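Peer 1: One structure coming up, written as structure tokens, with questions to follow.
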Amino acid sequence: GDANLYKLSKLYLILGRTDDAIALLQALPSPSHEASLLLAQSLVKKGLIEQATELFDSIVVSCGTGRSPTGAAAALQGARLKLAQAHPDFMGIAAQLKNLVMQKNFEGEPLYLEAALDYVDLMAKQNPGKKIELLQKTKSDFAEKVDLLSKDYHAARALSPRKDRLYQGYIKLMDAEIFTAQADMDVQNQKELRAQAKDL
């Protein structure tokens with residue numbers, strides 16, 4: 001069945017047989033979201049960027065939400081592909097990343113943390129002076145436990161120590177980026193701030 005063909009195409013990719021994987025995935029009569037995601041990733045490997053971008057977008061639409069790990073992966077990878085193109089629509093990509101971050105759930109991490117950092121980088125390119133503020137807001141958005149979505153997120157953290165260590169690592173990375181950005185602005189305390197960033 002389709003499930004076995006999906007597994008076989010994953011094996012082909014591991015073996016470096018990208019063309020065989022693509023042929024197999026394209027032949028599936030009603031591919032799952034996961035199979036479509038694998039096909040889009042395979043198309044990227046072959047350098048078929050336009051086809052891959054369209055497929056990532058269609059997965060996001062058909063998943064209907066960025067709360068599914070597959071939909072989230074398609075949204076993040078699609079945004080990164082668009083950003084690498086010759087004339088990217090910065091605001092459109094920023095909106096896609098921000099929308100994804102707002103749908104965060106712990107099961108899909110580190111996709112949402114990655115999307116948040118991509119969003120900060122993208123917005124800071126437009127306005128470097130805002131980087132510290134953006135990082136601090138991102139950190140507090142992930143830490144808050146006010147609404148139902150955030151409460152669920154932190155309840156899931158408590159149940160998954162291994163993945164929680166991953167989350168803590170990303171929060172430390174944000175702290176290090178904050179110190180680095182502060183060092184760029186504060187010549188007087190630059191050395192100390194850079195040292196704090198390096199420690200983290």
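Residue names in the structure tokens use chain letters A, B, ... in the order shown, residue numbers from 1 in each chain, and ligand numbers from 1 in the order shown.
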Extract, using only C-alpha atoms, all DNA, RNA and protein residues at most 8 Å from Leu8 in chain A, discarding same-chain residues fewer than 4 positions from it, and format them as a ChimeraX atom specification.
Peer 2: /A:4,12,21
Peer 1: Grab the residues selected above and save them as a short mmCIF file (atom, residue, chain, number, x, y, z; two decimals), in the first residue's frame with all heavy atoms.
Peer 2:
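File selection_6.cif, as written:
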data_model
loop_
_atom_site.label_atom_id
_atom_site.label_comp_id
_atom_site.auth_asym_id
_atom_site.auth_seq_id
_atom_site.Cartn_x
_atom_site.Cartn_y
_atom_site.Cartn_z
N ASN A 4 3.75 1.54 2.58
CA ASN A 4 4.99 0.83 2.24
C ASN A 4 5.79 1.57 1.16
O ASN A 4 7.03 1.62 1.21
CB ASN A 4 4.68 -0.59 1.77
CG ASN A 4 4.28 -1.49 2.93
OD1 ASN A 4 4.70 -1.27 4.06
ND2 ASN A 4 3.43 -2.47 2.66
N TYR A 12 15.03 5.12 -0.33
CA TYR A 12 15.71 5.60 -1.54
C TYR A 12 16.48 6.89 -1.26
O TYR A 12 17.61 7.08 -1.72
CB TYR A 12 14.70 5.85 -2.67
CG TYR A 12 14.26 4.61 -3.43
CD1 TYR A 12 13.01 4.56 -4.06
CD2 TYR A 12 15.08 3.50 -3.54
CE1 TYR A 12 12.59 3.43 -4.77
CE2 TYR A 12 14.68 2.37 -4.23
CZ TYR A 12 13.44 2.35 -4.85
OH TYR A 12 13.04 1.23 -5.55
N ALA A 21 13.06 8.12 -5.57
CA ALA A 21 12.13 8.55 -4.52
C ALA A 21 11.06 9.48 -5.09
O ALA A 21 9.87 9.33 -4.82
CB ALA A 21 12.90 9.26 -3.40
#
Peer 1: Rounded to one decimal in Å, what is the spacing between CA of Lys137 in chain A and CA of Asp175 in chain A?
Peer 2: 11.6 Å
Peer 1: Please provide as a VMD selection string all residues within 10 Å of range 52-60 of chain A, with the sequence filter that same-chain residues fewer than 4 positions apart are discarded (counting only C-alpha atoms).
Peer 2: chain A and resid 32 to 34 36 to 48 64 to 66 68 70 to 82
Peer 1: Hey, can you check how far CA of Lys151 in chain A sits from CA of Asp164 in chain A?
Peer 2: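 Computing it gives 14.6 Å between the two atoms.
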Peer 1: I need the residue nearest Ala176 in chain A from this list: A:Asp121, A:Pro161, A:Tyr153, A:Leu135. Use only C-alpha atoms for the distance.
Peer 2: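 Ranked by minimum distance to Ala176 in chain A, first place goes to A:Leu135.
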Peer 1: Using only C-alpha atoms, determine which residues lie at most 8 Å from Leu5 in chain A, disregarding the query and same-chain residues fewer than 3 positions distant; provide the list as JSON, numbers by chain.
Peer 2: {"A": [1, 2, 8, 9, 24, 25]}
Peer 1: Okay, now the selection with C-alpha atoms, as an mmCIF file, in the first residue's frame?
Peer 2:
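Okay, this is what ended up in result.cif:
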data_model
loop_
_atom_site.group_PDB
_atom_site.id
_atom_site.type_symbol
_atom_site.label_atom_id
_atom_site.label_comp_id
_atom_site.auth_asym_id
_atom_site.auth_seq_id
_atom_site.Cartn_x
_atom_site.Cartn_y
_atom_site.Cartn_z
ATOM 1 C CA GLY A 1 0.000 0.000 0.000
ATOM 2 C CA ASP A 2 0.840 3.690 0.098
ATOM 3 C CA LEU A 8 10.529 2.698 0.372
ATOM 4 C CA SER A 9 10.882 6.276 -0.912
ATOM 5 C CA LEU A 24 7.653 6.782 -6.411
ATOM 6 C CA LEU A 25 6.133 9.680 -4.467
#
Peer 1: Set the distance at 9 Å and use only C-alpha atoms: which residues neighbour Leu100 in chain A once local chain neighbours fewer than 2 positions away are removed? I'd like the list as a VMD selection string.
Peer 2: chain A and resid 65 to 67 72 75 to 76 95 to 98 102 to 104 111 to 112 115 to 116
Peer 1: Name the residues in contact with Leu159 in chain A at a cut-off of 12 Å, using only C-alpha atoms, excluding same-chain residues fewer than 6 positions from it; report them as a list of chain:residue names.
Peer 2: A:Phe106, A:Glu107, A:Asp152, A:Tyr153, A:Arg165
Peer 1: Would you save the residues of that selection, restricted to N, CA, C and O atoms, as a PDB file, in the first residue's frame?
Peer 2:
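Saved as result32.pdb:
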ATOM      1  N   PHE A 106       4.112  22.138  21.491  1.00  0.00           N
ATOM      2  CA  PHE A 106       5.394  21.571  21.901  1.00  0.00           C
ATOM      3  C   PHE A 106       5.777  20.331  21.106  1.00  0.00           C
ATOM      4  O   PHE A 106       6.954  20.071  20.883  1.00  0.00           O
ATOM      5  N   GLU A 107       4.763  19.591  20.655  1.00  0.00           N
ATOM      6  CA  GLU A 107       5.017  18.354  19.887  1.00  0.00           C
ATOM      7  C   GLU A 107       5.856  18.640  18.640  1.00  0.00           C
ATOM      8  O   GLU A 107       6.689  17.844  18.240  1.00  0.00           O
ATOM      9  N   ASP A 152      -1.010  24.678  27.459  1.00  0.00           N
ATOM     10  CA  ASP A 152      -0.821  23.347  26.847  1.00  0.00           C
ATOM     11  C   ASP A 152       0.648  23.123  26.506  1.00  0.00           C
ATOM     12  O   ASP A 152       1.195  22.037  26.713  1.00  0.00           O
ATOM     13  N   TYR A 153       1.270  24.167  25.945  1.00  0.00           N
ATOM     14  CA  TYR A 153       2.669  24.107  25.514  1.00  0.00           C
ATOM     15  C   TYR A 153       3.562  23.750  26.706  1.00  0.00           C
ATOM     16  O   TYR A 153       4.401  22.849  26.626  1.00  0.00           O
ATOM     17  N   ARG A 165      14.895  19.850  27.177  1.00  0.00           N
ATOM     18  CA  ARG A 165      16.306  20.285  27.120  1.00  0.00           C
ATOM     19  C   ARG A 165      16.579  21.039  25.813  1.00  0.00           C
ATOM     20  O   ARG A 165      17.336  21.999  25.788  1.00  0.00           O
TER      21      ARG A 165
END
Peer 1: Any chance you could list, as an NGL selection string, the residues in range 5-194 of chain A that come up helix (DSSP H, G or I) when DSSP is run on the backbone?
Peer 2: :A and (5-14 or 18-27 or 33-45 or 49-63 or 69-83 or 90-102 or 106-108 or 111-126 or 128-143 or 148-159 or 161-185 or 190-194)
Peer 1: Within 9 Å of Lys163 in chain A, counting only C-alpha atoms, which residues show up once you throw out same-chain ones fewer than 3 positions away? Write them as a list in words, please.
Peer 2: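 The residues that qualify are Phe106, Glu107, Glu109, Pro110, Arg157, Ser160, Leu166, Tyr167 and Gln168 of chain A.
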